[in-house]
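J.: Take a look at input_4.cif, mmCIF, C-alpha atoms:
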data_coords
loop_
_atom_site.group_PDB
_atom_site.id
_atom_site.type_symbol
_atom_site.label_atom_id
_atom_site.label_comp_id
_atom_site.auth_asym_id
_atom_site.auth_seq_id
_atom_site.Cartn_x
_atom_site.Cartn_y
_atom_site.Cartn_z
ATOM 1 C CA MET A 1 120.901 88.773 94.920
ATOM 2 C CA ASN A 2 117.317 88.520 96.095
ATOM 3 C CA THR A 3 115.436 88.651 92.776
ATOM 4 C CA GLN A 4 112.065 89.304 94.407
ATOM 5 C CA GLU A 5 113.379 92.330 96.291
ATOM 6 C CA TYR A 6 114.925 93.593 93.041
ATOM 7 C CA ILE A 7 111.614 93.135 91.208
ATOM 8 C CA ASP A 8 109.671 94.897 93.997
ATOM 9 C CA SER A 9 112.134 97.834 94.077
ATOM 10 C CA GLY A 10 110.413 99.545 91.115
ATOM 11 C CA VAL A 11 113.521 99.679 88.905
ATOM 12 C CA LEU A 12 111.822 97.552 86.228
ATOM 13 C CA GLU A 13 108.945 100.038 85.999
ATOM 14 C CA LEU A 14 111.474 102.886 85.645
ATOM 15 C CA TYR A 15 113.199 100.955 82.837
ATOM 16 C CA ALA A 16 109.870 100.455 81.062
ATOM 17 C CA ALA A 17 109.092 104.175 81.490
ATOM 18 C CA GLY A 18 112.515 105.225 80.166
ATOM 19 C CA GLY A 19 113.551 106.781 83.455
ATOM 20 C CA LEU A 20 116.977 105.096 83.862
ATOM 21 C CA THR A 21 120.431 106.129 82.741
ATOM 22 C CA PRO A 22 122.120 104.056 80.013
ATOM 23 C CA ALA A 23 124.305 102.348 82.629
ATOM 24 C CA GLU A 24 121.284 101.508 84.787
ATOM 25 C CA SER A 25 119.390 100.223 81.755
ATOM 26 C CA GLU A 26 122.319 97.960 80.840
ATOM 27 C CA GLU A 27 122.306 96.618 84.406
ATOM 28 C CA VAL A 28 118.589 95.770 84.132
ATOM 29 C CA GLU A 29 119.110 94.015 80.794
ATOM 30 C CA ARG A 30 122.048 92.051 82.179
ATOM 31 C CA LEU A 31 120.094 90.844 85.216
ATOM 32 C CA ALA A 32 117.097 89.994 83.027
ATOM 33 C CA ALA A 33 119.340 87.819 80.888
ATOM 34 C CA GLN A 34 120.714 86.030 83.972
ATOM 35 C CA HIS A 35 117.511 85.577 85.982
ATOM 36 C CA PRO A 36 114.313 84.205 84.363
ATOM 37 C CA ALA A 37 112.143 85.734 87.110
ATOM 38 C CA VAL A 38 113.550 89.203 86.415
ATOM 39 C CA ARG A 39 113.114 88.701 82.668
ATOM 40 C CA THR A 40 109.471 87.641 83.116
ATOM 41 C CA ALA A 41 108.722 90.592 85.413
ATOM 42 C CA LEU A 42 110.422 92.986 82.969
ATOM 43 C CA GLU A 43 108.372 91.657 80.057
ATOM 44 C CA GLU A 44 105.196 92.115 82.086
ATOM 45 C CA CYS A 45 106.193 95.718 82.900
ATOM 46 C CA LEU A 46 106.908 96.460 79.230
ATOM 47 C CA GLN A 47 103.607 94.927 78.140
ATOM 48 C CA THR A 48 101.728 96.796 80.851
ATOM 49 C CA MET A 49 103.416 100.084 79.908
ATOM 50 C CA GLU A 50 102.625 99.545 76.217
ATOM 51 C CA ALA A 51 98.986 98.684 76.937
ATOM 52 C CA TYR A 52 98.661 101.621 79.302
ATOM 53 C CA ALA A 53 100.236 104.027 76.826
ATOM 54 C CA LEU A 54 97.871 102.882 74.067
ATOM 55 C CA THR A 55 94.863 103.178 76.369
ATOM 56 C CA HIS A 56 95.719 106.612 77.780
ATOM 57 C CA ALA A 57 97.554 108.154 74.821
ATOM 58 C CA GLN A 58 96.754 111.846 74.417
ATOM 59 C CA ALA A 59 97.366 113.968 71.368
ATOM 60 C CA PRO A 60 99.550 117.078 71.894
ATOM 61 C CA ARG A 61 97.866 120.452 72.074
ATOM 62 C CA PRO A 62 96.856 121.594 68.548
ATOM 63 C CA GLU A 63 98.636 124.928 68.893
ATOM 64 C CA LEU A 64 101.905 123.205 69.900
ATOM 65 C CA GLU A 65 101.729 120.784 66.999
ATOM 66 C CA LYS A 66 100.982 123.636 64.575
ATOM 67 C CA GLN A 67 103.886 125.660 65.936
ATOM 68 C CA ILE A 68 106.336 122.771 65.416
ATOM 69 C CA LEU A 69 105.049 122.059 61.905
ATOM 70 C CA ARG A 70 105.203 125.773 61.015
ATOM 71 C CA HIS A 71 108.860 125.962 62.082
ATOM 72 C CA LEU A 72 109.710 122.784 60.177
ATOM 73 C CA GLN A 73 107.895 124.007 57.061
ATOM 74 C CA ALA A 74 109.673 127.349 57.206
ATOM 75 C CA THR A 75 113.003 125.576 57.526
ATOM 76 C CA ALA A 76 112.216 123.297 54.597
ATOM 77 C CA GLU A 77 111.191 126.252 52.417
ATOM 78 C CA THR A 78 114.364 128.072 53.334
ATOM 79 C CA SER A 79 116.438 125.015 52.417
ATOM 80 C CA THR A 80 114.568 124.598 49.085
ATOM 81 C CA ALA A 81 114.978 128.253 48.180
ATOM 82 C CA SER A 82 118.645 128.113 49.017
ATOM 83 C CA ALA A 83 119.127 125.063 46.764
ATOM 84 C CA GLY A 84 117.852 126.949 43.703
ATOM 85 C CA LYS A 85 119.941 130.037 44.225
ATOM 86 C CA VAL A 86 123.552 130.886 43.668
ATOM 87 C CA LEU A 87 125.458 130.522 46.904
ATOM 88 C CA PRO A 88 126.413 133.856 48.394
ATOM 89 C CA LEU A 89 130.003 134.932 48.144
ATOM 90 C CA ASN A 90 129.982 135.725 51.859
ATOM 91 C CA PRO A 91 130.748 132.462 53.739
ATOM 92 C CA ALA A 92 129.638 134.052 57.005
ATOM 93 C CA ALA A 93 126.052 134.510 55.671
ATOM 94 C CA ALA A 94 125.881 130.873 54.569
ATOM 95 C CA SER A 95 127.154 129.733 57.936
ATOM 96 C CA THR A 96 124.557 131.895 59.720
ATOM 97 C CA SER A 97 121.727 130.396 57.626
ATOM 98 C CA ALA A 98 122.928 126.872 58.378
ATOM 99 C CA ARG A 99 123.123 127.638 62.060
ATOM 100 C CA GLU A 100 119.612 129.088 61.999
ATOM 101 C CA THR A 101 118.261 125.949 60.325
ATOM 102 C CA SER A 102 120.065 123.755 62.812
ATOM 103 C CA ARG A 103 118.740 125.860 65.690
ATOM 104 C CA TRP A 104 115.112 125.284 64.664
ATOM 105 C CA TRP A 105 115.710 121.557 64.371
ATOM 106 C CA GLN A 106 117.221 121.580 67.846
ATOM 107 C CA ILE A 107 114.244 123.490 69.244
ATOM 108 C CA ALA A 108 111.846 120.978 67.694
ATOM 109 C CA ALA A 109 113.882 118.071 69.088
ATOM 110 C CA VAL A 110 113.951 119.645 72.558
ATOM 111 C CA ILE A 111 110.182 120.201 72.506
ATOM 112 C CA LEU A 112 109.554 116.599 71.448
ATOM 113 C CA LEU A 113 111.992 115.363 74.099
ATOM 114 C CA VAL A 114 110.220 117.385 76.807
ATOM 115 C CA LEU A 115 106.860 116.028 75.682
ATOM 116 C CA SER A 116 108.220 112.483 75.686
ATOM 117 C CA ALA A 117 109.745 112.869 79.167
ATOM 118 C CA ALA A 118 106.536 114.371 80.536
ATOM 119 C CA ALA A 119 104.521 111.535 79.024
ATOM 120 C CA ASN A 120 106.888 108.957 80.527
ATOM 121 C CA VAL A 121 106.615 110.503 83.984
ATOM 122 C CA TYR A 122 102.837 110.711 83.700
ATOM 123 C CA LEU A 123 102.521 107.124 82.486
ATOM 124 C CA TYR A 124 104.832 105.819 85.213
ATOM 125 C CA SER A 125 102.813 107.663 87.860
ATOM 126 C CA ARG A 126 99.563 106.265 86.525
ATOM 127 C CA LEU A 127 101.100 102.789 86.271
ATOM 128 C CA ARG A 128 102.197 102.943 89.910
ATOM 129 C CA ASP A 129 98.731 104.094 90.973
ATOM 130 C CA THR A 130 97.126 101.349 88.905
ATOM 131 C CA ARG A 131 99.338 98.683 90.481
ATOM 132 C CA HIS A 132 98.443 99.989 93.943
ATOM 133 C CA GLU A 133 94.741 99.913 93.087
ATOM 134 C CA LEU A 134 95.138 96.385 91.719
ATOM 135 C CA LEU A 135 96.832 95.182 94.915
ATOM 136 C CA THR A 136 94.094 96.806 97.008
ATOM 137 C CA ALA A 137 91.409 95.140 94.905
ATOM 138 C CA GLN A 138 93.134 91.762 95.219
ATOM 139 C CA GLN A 139 93.341 92.125 99.004
ATOM 140 C CA THR A 140 89.675 93.106 99.176
ATOM 141 C CA THR A 141 88.757 90.114 97.023
ATOM 142 C CA ARG A 142 90.706 87.780 99.302
ATOM 143 C CA GLN A 143 88.959 89.250 102.357
ATOM 144 C CA TYR A 144 85.553 88.757 100.751
ATOM 145 C CA ALA A 145 86.463 85.189 99.806
ATOM 146 C CA LEU A 146 87.559 84.492 103.387
ATOM 147 C CA GLN A 147 84.338 85.934 104.771
ATOM 148 C CA VAL A 148 82.263 83.867 102.344
ATOM 149 C CA HIS A 149 84.213 80.757 103.329
ATOM 150 C CA GLN A 150 83.622 81.469 107.012
ATOM 151 C CA LEU A 151 79.905 82.011 106.417
ATOM 152 C CA GLU A 152 79.703 78.767 104.452
ATOM 153 C CA ASN A 153 81.406 76.901 107.294
ATOM 154 C CA ARG A 154 79.062 78.438 109.846
ATOM 155 C CA SER A 155 76.060 77.562 107.713
ATOM 156 C CA LEU A 156 77.291 73.984 107.368
ATOM 157 C CA GLN A 157 77.897 73.741 111.110
ATOM 158 C CA SER A 158 74.437 75.123 111.809
ATOM 159 C CA GLU A 159 72.863 72.587 109.461
ATOM 160 C CA ASN A 160 74.785 69.753 111.098
ATOM 161 C CA LEU A 161 73.850 71.000 114.564
ATOM 162 C CA LEU A 162 70.200 71.329 113.605
ATOM 163 C CA GLY A 163 70.296 67.767 112.312
ATOM 164 C CA VAL A 164 71.721 66.546 115.626
ATOM 165 C CA LEU A 165 69.104 68.404 117.686
ATOM 166 C CA ARG A 166 66.247 67.090 115.544
ATOM 167 C CA ASN A 167 67.526 63.535 115.695
ATOM 168 C CA PRO A 168 65.143 61.351 117.752
ATOM 169 C CA GLN A 169 68.192 59.833 119.432
ATOM 170 C CA THR A 170 69.280 63.206 120.831
ATOM 171 C CA LEU A 171 68.409 63.626 124.485
ATOM 172 C CA ALA A 172 68.062 67.105 126.005
ATOM 173 C CA VAL A 173 69.284 66.981 129.622
ATOM 174 C CA GLN A 174 68.277 69.942 131.786
ATOM 175 C CA LEU A 175 70.934 70.792 134.384
ATOM 176 C CA LYS A 176 69.583 72.701 137.384
ATOM 177 C CA GLY A 177 71.477 74.747 139.925
ATOM 178 C CA VAL A 178 72.603 73.089 143.143
ATOM 179 C CA THR A 179 71.894 74.517 146.588
ATOM 180 C CA GLN A 180 74.864 76.930 146.484
ATOM 181 C CA HIS A 181 73.867 78.245 143.015
ATOM 182 C CA PRO A 182 70.090 77.921 142.674
ATOM 183 C CA GLN A 183 69.862 80.419 139.763
ATOM 184 C CA ALA A 184 72.351 78.590 137.539
ATOM 185 C CA GLN A 185 71.008 76.480 134.655
ATOM 186 C CA ALA A 186 72.393 74.741 131.594
ATOM 187 C CA THR A 187 71.383 72.192 128.961
ATOM 188 C CA VAL A 188 73.201 69.174 127.526
ATOM 189 C CA PHE A 189 72.225 67.677 124.162
ATOM 190 C CA TRP A 190 73.483 64.085 123.994
ATOM 191 C CA ASN A 191 72.964 61.867 120.975
ATOM 192 C CA GLN A 192 72.885 58.345 122.332
ATOM 193 C CA GLU A 193 73.525 56.878 118.888
ATOM 194 C CA THR A 194 76.452 58.975 117.664
ATOM 195 C CA LYS A 195 77.595 59.834 121.242
ATOM 196 C CA GLU A 196 77.932 63.523 120.268
ATOM 197 C CA VAL A 197 77.525 66.062 123.064
ATOM 198 C CA TYR A 198 76.564 69.725 122.755
ATOM 199 C CA PHE A 199 76.361 72.080 125.709
ATOM 200 C CA ASP A 200 74.364 75.286 126.173
ATOM 201 C CA PRO A 201 75.961 77.368 128.983
ATOM 202 C CA ALA A 202 73.830 80.485 128.432
ATOM 203 C CA ASN A 203 72.397 80.542 131.988
ATOM 204 C CA LEU A 204 75.681 80.066 133.803
ATOM 205 C CA PRO A 205 77.304 83.128 135.414
ATOM 206 C CA ALA A 206 80.533 84.323 133.839
ATOM 207 C CA ALA A 207 83.539 82.384 135.121
ATOM 208 C CA PRO A 208 86.047 84.373 137.235
ATOM 209 C CA SER A 209 89.446 85.230 135.798
ATOM 210 C CA GLY A 210 91.736 82.204 135.677
ATOM 211 C CA ARG A 211 88.824 79.750 136.062
ATOM 212 C CA GLN A 212 86.739 77.692 133.617
ATOM 213 C CA TYR A 213 83.614 75.599 133.808
ATOM 214 C CA GLN A 214 84.062 71.910 133.070
ATOM 215 C CA LEU A 215 81.384 69.446 131.986
ATOM 216 C CA TRP A 216 81.332 65.952 133.503
ATOM 217 C CA ALA A 217 79.379 62.837 132.588
ATOM 218 C CA LEU A 218 78.617 60.457 135.470
ATOM 219 C CA ALA A 219 78.721 56.788 134.418
ATOM 220 C CA GLN A 220 78.569 53.929 136.920
ATOM 221 C CA GLY A 221 79.222 56.418 139.672
ATOM 222 C CA LYS A 222 82.468 57.693 138.087
ATOM 223 C CA PRO A 223 83.017 61.172 136.592
ATOM 224 C CA ILE A 224 84.132 61.353 132.946
ATOM 225 C CA ASP A 225 85.657 64.530 131.537
ATOM 226 C CA ALA A 226 83.419 65.942 128.778
ATOM 227 C CA GLY A 227 85.554 69.045 128.147
ATOM 228 C CA VAL A 228 85.997 72.601 129.413
ATOM 229 C CA VAL A 229 83.540 75.368 128.582
ATOM 230 C CA LYS A 230 85.398 77.948 126.480
ATOM 231 C CA ALA A 231 82.821 80.751 126.707
ATOM 232 C CA THR A 232 79.521 81.129 128.529
ATOM 233 C CA GLU A 233 78.163 83.596 125.963
ATOM 234 C CA SER A 234 78.204 80.933 123.225
ATOM 235 C CA THR A 235 74.860 79.421 122.252
ATOM 236 C CA LEU A 236 76.043 75.842 121.801
ATOM 237 C CA LEU A 237 79.438 74.266 122.317
ATOM 238 C CA ARG A 238 80.658 70.987 120.875
ATOM 239 C CA MET A 239 82.021 68.900 123.762
ATOM 240 C CA LYS A 240 83.759 65.541 123.964
ATOM 241 C CA SER A 241 81.813 62.482 122.863
ATOM 242 C CA ILE A 242 80.388 60.413 125.724
ATOM 243 C CA GLU A 243 79.673 56.685 125.413
ATOM 244 C CA GLU A 244 77.638 56.274 128.591
ATOM 245 C CA ALA A 245 76.109 58.671 131.121
ATOM 246 C CA GLN A 246 73.471 58.466 133.836
ATOM 247 C CA ALA A 247 73.877 62.182 134.655
ATOM 248 C CA PHE A 248 75.782 65.332 133.723
ATOM 249 C CA ALA A 249 77.232 68.021 135.998
ATOM 250 C CA VAL A 250 79.251 71.222 135.703
ATOM 251 C CA THR A 251 81.973 72.363 138.099
ATOM 252 C CA LEU A 252 84.180 75.448 138.258
ATOM 253 C CA GLU A 253 87.822 74.469 137.779
ATOM 254 C CA PRO A 254 91.197 76.159 137.235
ATOM 255 C CA GLU A 255 91.721 77.339 133.662
ATOM 256 C CA GLY A 256 92.464 74.350 131.459
ATOM 257 C CA GLY A 257 90.324 71.946 133.494
ATOM 258 C CA SER A 258 91.020 69.298 136.114
ATOM 259 C CA VAL A 259 91.515 65.545 136.121
ATOM 260 C CA HIS A 260 88.888 65.121 138.840
ATOM 261 C CA PRO A 261 85.895 67.390 139.533
ATOM 262 C CA THR A 262 85.953 69.830 142.440
ATOM 263 C CA LEU A 263 82.663 68.857 144.087
ATOM 264 C CA GLU A 264 82.680 71.947 146.300
ATOM 265 C CA GLU A 265 82.523 74.063 143.112
ATOM 266 C CA MET A 266 79.617 72.229 141.441
ATOM 267 C CA TYR A 267 77.105 74.582 139.851
ATOM 268 C CA VAL A 268 74.504 72.465 138.008
ATOM 269 C CA MET A 269 73.546 68.810 137.651
ATOM 270 C CA GLY A 270 70.874 66.751 135.869
ATOM 271 C CA ASN A 271 69.931 63.111 135.174
ATOM 272 C CA SER A 272 70.096 61.807 131.619
ATOM 273 C CA SER A 273 67.404 59.119 132.023
ATOM 274 C CA ARG A 274 64.353 59.602 129.787
#
Could you spell out this file's structure in C-alpha cells?
T.:
Amino acid sequence: MNTQEYIDSGVLELYAAGGLTPAESEEVERLAAQHPAVRTALEECLQTMEAYALTHAQAPRPELEKQILRHLQATAETSTASAGKVLPLNPAAASTSARETSRWWQIAAVILLVLSAAANVYLYSRLRDTRHELLTAQQTTRQYALQVHQLENRSLQSENLLGVLRNPQTLAVQLKGVTQHPQAQATVFWNQETKEVYFDPANLPAAPSGRQYQLWALAQGKPIDAGVVKATESTLLRMKSIEEAQAFAVTLEPEGGSVHPTLEEMYVMGNSSR
C-alpha cells in the first residue's frame, strides 16, 4: 500500500470528523497501528480537528436549547409524579406513559445527533478549506523565497560585474563594424589580470534563425574561441576567459558555434592594445 496516497485521500480527515462507518473506522485504526506515517498523520488530523472545533465552536440556538430542556424537565416531572403515586390498575395506561417518556428521550437524542452530524460536516468542510488555504500560502511563500533568492543572485552578480568593470586592469575594447556591416558595433571588457571577459552585444543586429554570433580572441595570429553569444538583447554576457589577445572579433556561425571562424561572416573587430 502506498501510505502517502492513503494519507492524501482524505479518509483520515473523515475519521477525525466522524464521517466513517464503524468498519471503515476500524480499517483506519488498523492501518495506523501498522504504519507509523499513517499514525502520525492521523494524530495530526485529530489534533487539528480538536483545535479547530475549540476555535470555531458555536453554541446552539437559545430557542432549541430551551425546547430540549423543557421536554426533559417535563419528562422528569412526569417520572417524579409517577413515583409518588399508586400505580394505575390499567397496565395499558402505564405502558403508554412509559412509551411517551421514551419517545421524548428519543426526540432529544435525534436532535442532538443531527446537531452533532451538522457540526461534523461543517467542521470537516472548514478544515478542508483551511488545508487548501494553507497549501496555497505555502506555495506563495516558496515563490516569494525563490524570487528573493533570484534577486539576491542578480544583485551579487551586478556587484561582481561592477567590480570587474571598475578594476584598473579591465580593458574596454571597442569592436567596430567591418566593410560589409559598417553599422554593427560591440564592446569587450577584458581583465588582463583575472583573464575574465565580458561582452556587450547591444549594437549587433539580431542573429538569423539557426545562427549565433561567436566571439574570438586573436593571439599570435591565431583565433581562440571565446564563446557563443546567447542573446543580443542582453546588456553584458560572461564569456570564456582569455589568457592572451591582441584583438577581438565577432563572426556569425551556425547555432552552437564553430571550431574555426567563418571570416566571410565577420561583423566587428577591434584591437586590444592600450
J.: Draw an axis-aligned box over all listed atoms of range 123-135 of chain A, pad each side with 4 Å, and write its centre and edge lengths in Å, one decimal, as AutoDock Vina command-line options.
T.:
--center_x 99.8 --center_y 101.4 --center_z 88.7 --size_x 18.1 --size_y 20.5 --size_z 20.4
J.: Near Gln169 in chain A, within 12 Å and counting all atoms listed in the file, which residues show up once chain neighbours fewer than 3 positions away are dropped, as a list in words?
T.: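 The residues satisfying every condition are Gly163, Val164, Leu165, Arg166, Ala172, Phe189, Trp190, Asn191, Gln192, Glu193, Thr194, Lys195, Glu196, Val197 and Arg274 of chain A.
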J.: If the PyMOL selection byres ((chain A and resi 3) around 8) is run on the structure shown, which residues does it catch, given as number ranges by chain?
T.: A: 1-2, 4-7, 35, 37-38
J.: Mind pulling up the distance from CA of Leu146 in chain A to CA of Ala202 in chain A?
T.: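 Rounded to one decimal, the two atoms are 28.8 Å apart.
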J.: If I take CA of Pro254 in chain A and CA of Leu175 in chain A, how far is one from the other in Å, to one decimal?
T.: 21.2 Å
J.: I need the output of the PyMOL selection byres ((chain A and resi 42) around 12) for this file as number ranges by chain; which residues are they?
T.: A: 3, 6-8, 10-17, 25, 28-33, 35-41, 43-49
J.: So what does the PyMOL selection byres ((chain A and resi 120) around 10) actually pick up in this one, as a PyMOL selection string?
T.: chain A and resi 14+16-19+49+53+114-119+121-126
J.: Find, counting only C-alpha atoms, the residue in A:Glu253, A:Ala206, A:Trp104, A:Thr232 that gets nearest to Arg70 in chain A.
T.: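 Ranking A:Glu253, A:Ala206, A:Trp104, A:Thr232 by distance to Arg70 in chain A, first place goes to A:Trp104.
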J.: Counting all atoms listed in the file, which residue out of A:Pro22, A:Gly227, A:Gly270, A:Pro201 sits closest to Ser258 in chain A?
T.: A:Gly227
J.: Using only C-alpha atoms for the distances, tell me which of A:Ile224, A:Ala184, A:Ala219, A:Ala74 is nearest to Met266 in chain A.
T.: A:Ala184
J.: Just to confirm, what's the straight-line distance from CA of Glu50 in chain A to CA of Glu27 in chain A in Å (one decimal)?
T.: 21.5 Å
J.: Counting all atoms listed in the file, figure out which residue out of A:Trp105, A:Trp216, A:Tyr144, A:Phe248 gets nearest to Asn271 in chain A.
T.: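 Residue with the minimum atom-to-atom distance to Asn271 in chain A: A:Phe248.
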J.: So, counting only C-alpha atoms, which residue among A:Glu26, A:Thr130, A:Ser272, A:Tyr267 is closest to Thr170 in chain A?
T.: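 Checking each of A:Glu26, A:Thr130, A:Ser272, A:Tyr267 against Thr170 in chain A, counting only C-alpha atoms, the winner is A:Ser272.
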J.: Could N, CA and C atoms be built for range 191-213 of chain A and written out as an mmCIF file, keeping the file's coordinate frame?
T.:
data_model
loop_
_atom_site.group_PDB
_atom_site.id
_atom_site.type_symbol
_atom_site.label_atom_id
_atom_site.label_comp_id
_atom_site.auth_asym_id
_atom_site.auth_seq_id
_atom_site.Cartn_x
_atom_site.Cartn_y
_atom_site.Cartn_z
ATOM 1 N N ASN A 191 73.478 62.840 121.934
ATOM 2 C CA ASN A 191 72.964 61.867 120.975
ATOM 3 C C ASN A 191 73.446 60.481 121.396
ATOM 4 N N GLN A 192 72.519 59.648 121.797
ATOM 5 C CA GLN A 192 72.885 58.345 122.332
ATOM 6 C C GLN A 192 73.314 57.362 121.251
ATOM 7 N N GLU A 193 73.099 57.746 119.984
ATOM 8 C CA GLU A 193 73.525 56.878 118.888
ATOM 9 C C GLU A 193 74.929 57.251 118.406
ATOM 10 N N THR A 194 75.135 58.529 118.136
ATOM 11 C CA THR A 194 76.452 58.975 117.664
ATOM 12 C C THR A 194 77.395 59.342 118.800
ATOM 13 N N LYS A 195 76.837 59.485 120.024
ATOM 14 C CA LYS A 195 77.595 59.834 121.242
ATOM 15 C C LYS A 195 78.068 61.293 121.227
ATOM 16 N N GLU A 196 77.562 62.105 120.301
ATOM 17 C CA GLU A 196 77.932 63.523 120.268
ATOM 18 C C GLU A 196 77.290 64.260 121.430
ATOM 19 N N VAL A 197 78.021 65.271 121.941
ATOM 20 C CA VAL A 197 77.525 66.062 123.064
ATOM 21 C C VAL A 197 77.657 67.549 122.721
ATOM 22 N N TYR A 198 76.565 68.277 122.898
ATOM 23 C CA TYR A 198 76.564 69.725 122.755
ATOM 24 C C TYR A 198 76.086 70.330 124.067
ATOM 25 N N PHE A 199 76.645 71.476 124.409
ATOM 26 C CA PHE A 199 76.361 72.080 125.709
ATOM 27 C C PHE A 199 75.950 73.532 125.523
ATOM 28 N N ASP A 200 74.851 73.911 126.189
ATOM 29 C CA ASP A 200 74.364 75.286 126.173
ATOM 30 C C ASP A 200 74.596 75.896 127.549
ATOM 31 N N PRO A 201 75.624 76.797 127.672
ATOM 32 C CA PRO A 201 75.961 77.368 128.983
ATOM 33 C C PRO A 201 75.345 78.749 129.213
ATOM 34 N N ALA A 202 74.306 79.108 128.446
ATOM 35 C CA ALA A 202 73.830 80.485 128.432
ATOM 36 C C ALA A 202 73.393 80.992 129.801
ATOM 37 N N ASN A 203 72.909 80.106 130.689
ATOM 38 C CA ASN A 203 72.397 80.542 131.988
ATOM 39 C C ASN A 203 73.386 80.275 133.124
ATOM 40 N N LEU A 204 74.645 80.156 132.783
ATOM 41 C CA LEU A 204 75.681 80.066 133.803
ATOM 42 C C LEU A 204 76.304 81.448 134.002
ATOM 43 N N PRO A 205 76.630 81.835 135.218
ATOM 44 C CA PRO A 205 77.304 83.128 135.414
ATOM 45 C C PRO A 205 78.690 83.102 134.787
ATOM 46 N N ALA A 206 79.197 84.247 134.442
ATOM 47 C CA ALA A 206 80.533 84.323 133.839
ATOM 48 C C ALA A 206 81.570 83.770 134.808
ATOM 49 N N ALA A 207 82.499 82.982 134.280
ATOM 50 C CA ALA A 207 83.539 82.384 135.121
ATOM 51 C C ALA A 207 84.539 83.460 135.551
ATOM 52 N N PRO A 208 85.040 83.409 136.783
ATOM 53 C CA PRO A 208 86.047 84.373 137.235
ATOM 54 C C PRO A 208 87.331 84.244 136.430
ATOM 55 N N SER A 209 88.175 85.252 136.511
ATOM 56 C CA SER A 209 89.446 85.230 135.798
ATOM 57 C C SER A 209 90.308 84.067 136.280
ATOM 58 N N GLY A 210 90.886 83.339 135.338
ATOM 59 C CA GLY A 210 91.736 82.204 135.677
ATOM 60 C C GLY A 210 90.973 80.925 135.978
ATOM 61 N N ARG A 211 89.638 80.939 135.798
ATOM 62 C CA ARG A 211 88.824 79.750 136.062
ATOM 63 C C ARG A 211 88.002 79.423 134.823
ATOM 64 N N GLN A 212 87.578 78.153 134.716
ATOM 65 C CA GLN A 212 86.739 77.692 133.617
ATOM 66 C C GLN A 212 85.749 76.661 134.144
ATOM 67 N N TYR A 213 84.566 76.673 133.511
ATOM 68 C CA TYR A 213 83.614 75.599 133.808
ATOM 69 C C TYR A 213 84.064 74.334 133.076
#
